[in-house]
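Q: To be precise about what I am sending: the file is called data26.txt and holds compact mmCIF, C-alpha atoms and all ligand atoms.
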```txt
# COMPACT_ATOMS: atom_id res chain seq x y z
CA MET A 208 5.64 32.60 122.92
CA ASN A 209 4.19 34.19 119.72
CA GLY A 210 3.08 30.85 118.31
CA LYS A 211 6.60 29.50 118.41
CA VAL A 212 7.15 25.91 119.39
CA PRO A 213 10.02 24.34 121.32
CA VAL A 214 12.51 22.19 119.46
CA SER A 215 15.46 20.22 120.75
CA LEU A 216 17.97 18.81 118.34
CA GLU A 217 21.63 18.03 118.07
CA ILE A 218 23.56 20.20 115.66
CA ASN A 219 27.13 19.26 114.88
CA GLY A 220 27.29 17.30 118.12
CA GLU A 221 25.85 20.01 120.37
CA THR A 222 22.36 20.08 121.82
CA VAL A 223 20.33 23.09 120.70
CA GLU A 224 17.04 23.91 122.39
CA CYS A 225 14.97 26.90 121.37
CA LEU A 226 11.62 28.24 120.25
CA VAL A 227 11.02 28.34 116.55
CA ALA A 228 8.27 29.56 114.27
CA PRO A 229 6.40 26.52 112.91
CA ARG A 230 6.89 27.58 109.30
CA MET A 231 10.62 28.33 109.52
CA THR A 232 12.57 26.02 107.26
CA LEU A 233 15.50 24.05 108.61
CA ALA A 234 17.77 26.00 106.25
CA ASP A 235 16.60 29.37 107.59
CA PHE A 236 16.78 28.07 111.14
CA LEU A 237 20.40 26.97 110.71
CA ARG A 238 21.40 30.23 109.06
CA GLN A 239 19.38 32.75 111.06
CA GLU A 240 18.96 31.20 114.49
CA VAL A 241 22.10 29.09 114.83
CA GLU A 242 24.31 31.28 112.60
CA LEU A 243 25.61 28.34 110.61
CA THR A 244 25.72 30.14 107.29
CA GLY A 245 27.62 27.43 105.43
CA THR A 246 24.24 25.95 104.55
CA HIS A 247 23.23 28.07 101.57
CA THR A 248 19.79 28.80 100.17
CA GLY A 249 19.47 29.15 96.42
CA CYS A 250 16.31 27.87 94.76
CA GLU A 251 14.48 27.06 98.01
CA MET A 252 12.57 24.39 96.13
CA GLY A 253 14.77 21.30 96.32
CA VAL A 254 16.52 21.72 92.99
CA CYS A 255 19.95 23.32 93.40
CA GLY A 256 21.44 21.31 96.31
CA ALA A 257 23.01 24.34 98.01
CA CYS A 258 21.18 23.61 101.25
CA LEU A 259 22.10 19.95 101.75
CA VAL A 260 22.70 18.85 105.33
CA LEU A 261 22.82 15.47 107.02
CA LEU A 262 19.77 14.56 109.09
CA ASP A 263 20.50 11.45 111.14
CA ASP A 264 23.29 10.79 108.63
CA VAL A 265 20.99 11.04 105.60
CA PRO A 266 21.45 13.97 103.16
CA VAL A 267 18.34 16.15 103.05
CA HIS A 268 17.41 19.47 101.47
CA ALA A 269 17.16 21.83 104.42
CA CYS A 270 14.98 24.17 102.33
CA LEU A 271 12.30 21.52 101.98
CA MET A 272 11.64 20.77 105.63
CA PHE A 273 10.60 22.79 108.61
CA ALA A 274 12.92 23.10 111.57
CA VAL A 275 10.23 21.60 113.78
CA GLN A 276 10.41 18.43 111.71
CA ALA A 277 14.02 18.01 112.83
CA ASP A 278 13.00 17.98 116.48
CA GLY A 279 14.83 15.13 118.21
CA CYS A 280 17.17 14.54 115.26
CA ALA A 281 20.89 14.95 114.74
CA VAL A 282 21.83 17.50 112.09
CA GLU A 283 25.30 17.85 110.65
CA THR A 284 26.19 20.82 108.49
CA ILE A 285 29.21 21.63 106.39
CA GLU A 286 30.71 23.30 109.47
CA GLY A 287 30.42 20.02 111.38
CA LEU A 288 32.07 17.98 108.65
CA THR A 289 34.84 20.57 108.44
CA THR A 290 35.46 20.76 112.17
CA ARG A 291 35.79 17.04 112.58
CA GLN A 292 38.12 16.91 109.56
CA ALA A 293 35.84 14.49 107.75
CA ILE A 294 36.37 16.23 104.41
CA ALA A 295 39.80 17.82 104.80
CA ASP A 296 41.19 15.78 101.90
CA LEU A 297 38.19 16.60 99.72
CA GLN A 298 38.47 20.31 100.50
CA GLY A 299 42.19 20.15 99.76
CA ASN A 300 41.52 18.61 96.37
CA PHE A 301 38.81 21.19 95.60
CA HIS A 302 41.44 23.82 96.32
CA GLU A 303 44.14 22.06 94.28
CA ARG A 304 41.87 21.56 91.28
CA ASN A 305 40.29 25.05 91.44
CA ALA A 306 36.95 23.31 91.79
CA LEU A 307 35.19 26.44 92.99
CA GLN A 308 34.85 30.00 91.84
CA CYS A 309 32.20 31.97 93.70
CA GLY A 310 31.82 29.07 96.15
CA PHE A 311 28.07 29.34 96.50
CA CYS A 312 27.44 25.73 95.47
CA THR A 313 30.49 24.33 97.25
CA PRO A 314 28.95 23.30 100.61
CA GLY A 315 26.27 21.33 98.80
CA MET A 316 28.83 19.81 96.43
CA LEU A 317 30.95 18.73 99.38
CA MET A 318 27.91 17.25 101.12
CA SER A 319 27.03 15.19 98.06
CA ALA A 320 30.63 14.12 97.60
CA TYR A 321 30.85 13.19 101.27
CA GLY A 322 27.80 10.97 100.87
CA LEU A 323 29.22 9.31 97.77
CA LEU A 324 32.68 8.75 99.20
CA SER A 325 31.31 7.49 102.51
CA ALA A 326 29.91 4.53 100.61
CA GLY A 327 33.51 3.48 99.93
CA GLY A 328 34.86 1.96 96.74
CA MET A 329 36.15 3.79 93.69
CA PRO A 330 33.29 5.52 91.87
CA SER A 331 33.59 6.09 88.14
CA ARG A 332 33.34 9.61 86.71
CA ASP A 333 29.82 8.80 85.58
CA GLU A 334 28.92 7.73 89.11
CA ILE A 335 30.42 10.94 90.47
CA ARG A 336 28.42 12.99 87.95
CA ASP A 337 25.31 11.06 88.93
CA ALA A 338 25.92 11.81 92.61
CA LEU A 339 26.17 15.50 91.72
CA SER A 340 23.08 15.50 89.54
CA GLY A 341 21.14 17.38 92.22
CA ASN A 342 23.77 20.07 92.65
CA TYR A 343 23.87 23.13 90.42
CA CYS A 344 27.02 25.13 89.80
CA ARG A 345 26.71 28.35 87.81
CA CYS A 346 30.47 28.90 87.56
CA THR A 347 32.79 25.95 87.07
CA GLY A 348 31.44 23.68 84.36
CA TYR A 349 31.71 20.75 86.79
CA GLU A 350 34.83 19.12 85.33
CA ALA A 351 37.16 20.33 88.07
CA ILE A 352 34.64 19.30 90.73
CA VAL A 353 34.48 15.79 89.29
CA ASP A 354 38.29 15.78 89.09
CA ALA A 355 38.60 16.74 92.77
CA ILE A 356 36.16 14.07 93.90
CA GLU A 357 37.76 11.44 91.69
CA THR A 358 41.20 12.30 93.08
CA THR A 359 39.91 12.05 96.64
CA ALA A 360 38.27 8.70 95.93
CA ARG A 361 41.48 7.41 94.41
CA GLN A 362 43.52 8.58 97.40
CA ARG A 363 41.10 7.07 99.88
CA TYR A 364 40.94 3.82 97.93
CA ALA A 365 44.75 3.62 97.95
CA THR A 366 44.96 4.46 101.66
CA PRO A 367 42.22 2.94 103.83
CA ALA A 368 40.74 5.16 106.57
CA GLU A 369 42.51 3.34 109.39
CA GLU A 370 45.88 4.11 107.78
CA ARG A 371 45.09 7.79 107.29
CA SER A 372 45.99 10.16 110.12
S1 LIG B 1 18.04 25.87 98.31
FE1 LIG B 1 17.47 23.84 98.80
S2 LIG B 1 17.73 22.75 96.96
FE2 LIG B 1 18.12 24.82 96.40
S1 LIG B 2 31.40 27.90 92.20
FE1 LIG B 2 29.89 29.43 91.82
S2 LIG B 2 28.04 28.32 91.76
FE2 LIG B 2 29.55 26.78 91.87
```
In structure tokens, how does this file's structure come out?
A:
Amino acid sequence: MNGKVPVSLEINGETVECLVAPRMTLADFLRQEVELTGTHTGCEMGVCGACLVLLDDVPVHACLMFAVQADGCAVETIEGLTTRQAIADLQGNFHERNALQCGFCTPGMLMSAYGLLSAGGMPSRDEIRDALSGNYCRCTGYEAIVDAIETTARQRYATPAEERS
């Protein structure tokens, strides 16, 4: 067993059971063991936001916790949100507004935007910027990202979820 410990968790709706090294971070576990490489690792110290995932529906930095700490929890990654079409409109607006260049920060940006937009309402640009304050982008200058999120919020506000297909 090489000191590894068993973990059982739900990832993007599927049960995953395996042995994991006690000091492996959740981010490394998702990328290396589960091959969900949409969760990026940048700073690995909770600053850049590239590694954000949902843990029991709460955004967390996957670089700051060990995989064993997620035992028994439900994890959703950017792949999960994408597969269940939860952010298709947001991704479309990122594309329309050229809100990404290298794309390294984009999964984390989308995670933060998902959290903000899930709260409902029509956030102001300052509120959008505030929601992104833990996400670093080295390429875009942020304006297009804020534009894309604002456009999505406006569209969702104009068309409630139950009326969207
Ligand atoms: S890699 Fe986790 S916050 Fe930067
Ligand atoms: S698009 Fe390159 S870091 Fe944001």
Q: Pick from A:Val275, A:Leu307, A:Val227, A:Ile285: nearest to A:Thr244, with all atoms listed in the file counted?
A: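 Closest residue, counting all atoms listed in the file: A:Ile285.
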Q: Work out how far apart atom CA of A:Pro213 and atom CA of A:Pro229 are and give it in Å to one decimal.
A: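 These atoms are spaced 9.4 Å apart.
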Q: Enclose the full set of atoms of stretch 348-352 of chain A listed in the file within a box whose edges lie along x, y and z, apply 8 Å of padding to each of the six sides, and report centre and edge lengths in Å to one decimal as JSON.
A:
```
{"center_x": 34.3, "center_y": 21.4, "center_z": 87.5, "size_x": 21.7, "size_y": 20.6, "size_z": 22.4}
```
Q: Please return as a list in words the residues found within 9 Å of ligand LIG 2 (chain B), counting all atoms listed in the file.
A: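 So, counting all atoms listed in the file, the residues near ligand LIG 2 (chain B) are Ala257, Ala306, Leu307, Gln308, Cys309, Gly310, Phe311, Cys312, Thr313, Met316, Asn342, Tyr343, Cys344, Arg345, Cys346, Thr347, Gly348 and Tyr349 of chain A.
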Q: Restricting the calculation to all atoms listed in the file: of A:Gln276, A:Asn209, A:Thr289, A:Ser331, which residue gets closest to A:Ala360?
A: A:Ser331
Q: Once you count all atoms listed in the file, what closest atom pair and distance in Å to one decimal does each residue of chain A within 7 Å of ligand LIG 1 (chain B) have, with rows by chain and rising residue number, as a tab-separated table?
A:
```
residue	atom	partner	partner_atom	distance
A:His247	CA	B:LIG1	S1	6.5
A:Thr248	CA	B:LIG1	S1	3.9
A:Gly249	CA	B:LIG1	S1	4.0
A:Cys250	CA	B:LIG1	FE2	3.9
A:Glu251	CA	B:LIG1	S1	3.8
A:Met252	CA	B:LIG1	S2	5.5
A:Gly253	CA	B:LIG1	S2	3.4
A:Val254	CA	B:LIG1	S2	4.3
A:Cys255	CA	B:LIG1	FE2	3.8
A:Gly256	CA	B:LIG1	S2	4.0
A:Ala257	CA	B:LIG1	FE2	5.2
A:Cys258	CA	B:LIG1	FE1	4.5
A:Leu259	CA	B:LIG1	FE1	6.7
A:His268	CA	B:LIG1	FE1	5.1
A:Ala269	CA	B:LIG1	FE1	6.0
A:Cys270	CA	B:LIG1	FE1	4.3
A:Leu271	CA	B:LIG1	FE1	6.5
```
Q: Next, write the just-selected residues to a file, as an mmCIF file, keeping the file's coordinate frame, keeping C-alpha atoms as the atom set.
A:
```cif
data_model
loop_
_atom_site.group_PDB
_atom_site.id
_atom_site.type_symbol
_atom_site.label_atom_id
_atom_site.label_comp_id
_atom_site.auth_asym_id
_atom_site.auth_seq_id
_atom_site.Cartn_x
_atom_site.Cartn_y
_atom_site.Cartn_z
ATOM 1 C CA HIS A 247 23.230 28.070 101.570
ATOM 2 C CA THR A 248 19.790 28.800 100.170
ATOM 3 C CA GLY A 249 19.470 29.150 96.420
ATOM 4 C CA CYS A 250 16.310 27.870 94.760
ATOM 5 C CA GLU A 251 14.480 27.060 98.010
ATOM 6 C CA MET A 252 12.570 24.390 96.130
ATOM 7 C CA GLY A 253 14.770 21.300 96.320
ATOM 8 C CA VAL A 254 16.520 21.720 92.990
ATOM 9 C CA CYS A 255 19.950 23.320 93.400
ATOM 10 C CA GLY A 256 21.440 21.310 96.310
ATOM 11 C CA ALA A 257 23.010 24.340 98.010
ATOM 12 C CA CYS A 258 21.180 23.610 101.250
ATOM 13 C CA LEU A 259 22.100 19.950 101.750
ATOM 14 C CA HIS A 268 17.410 19.470 101.470
ATOM 15 C CA ALA A 269 17.160 21.830 104.420
ATOM 16 C CA CYS A 270 14.980 24.170 102.330
ATOM 17 C CA LEU A 271 12.300 21.520 101.980
#
```
Q: I want to know what sits within 9 Å of stretch 235-237 of chain A, based on all atoms listed in the file, with residues of the same chain fewer than 3 positions away left out; could you give that as a list in words?
A: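 The residues satisfying every condition are Ile218, Val227, Met231, Thr232, Glu240, Val241, Glu242, Leu243, Thr244, Gly245, Thr246, Thr248, Ala269, Cys270, Phe273, Ala274 and Thr284 of chain A.
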Q: Give me the residues near A:Asn305 as a tab-separated table (two decimals) with C-alpha atoms, keeping the file's coordinate frame, where near means some atom within 10 Å (using all atoms listed in the file) and where sequence neighbours in that chain fewer than 6 positions away do not count.
A:
```tsv
chain	number	residue	atom	x	y	z
A	299	GLY	CA	42.19	20.15	99.76
A	347	THR	CA	32.79	25.95	87.07
A	351	ALA	CA	37.16	20.33	88.07
A	352	ILE	CA	34.64	19.30	90.73
A	354	ASP	CA	38.29	15.78	89.09
A	355	ALA	CA	38.60	16.74	92.77
```
Q: Could you tell me how far atom CA of A:Pro330 lies from atom CA of A:Gln362, in Å and to one decimal?
A: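 Computing the Euclidean distance for atom CA of A:Pro330 and atom CA of A:Gln362 yields 12.0 Å.
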Q: Rounded to one decimal, what separation in Å do you get between atom CA of A:Gly328 and atom CA of A:Thr366?
A: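 Computing it gives 11.5 Å between the two atoms.
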Q: Taking into account all atoms listed in the file, which residue in the set A:Glu303, A:Glu224, A:Glu217, A:Asp296 is nearest to A:Cys280?
A: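 Checking each candidate against A:Cys280, we get A:Glu217 as the closest.
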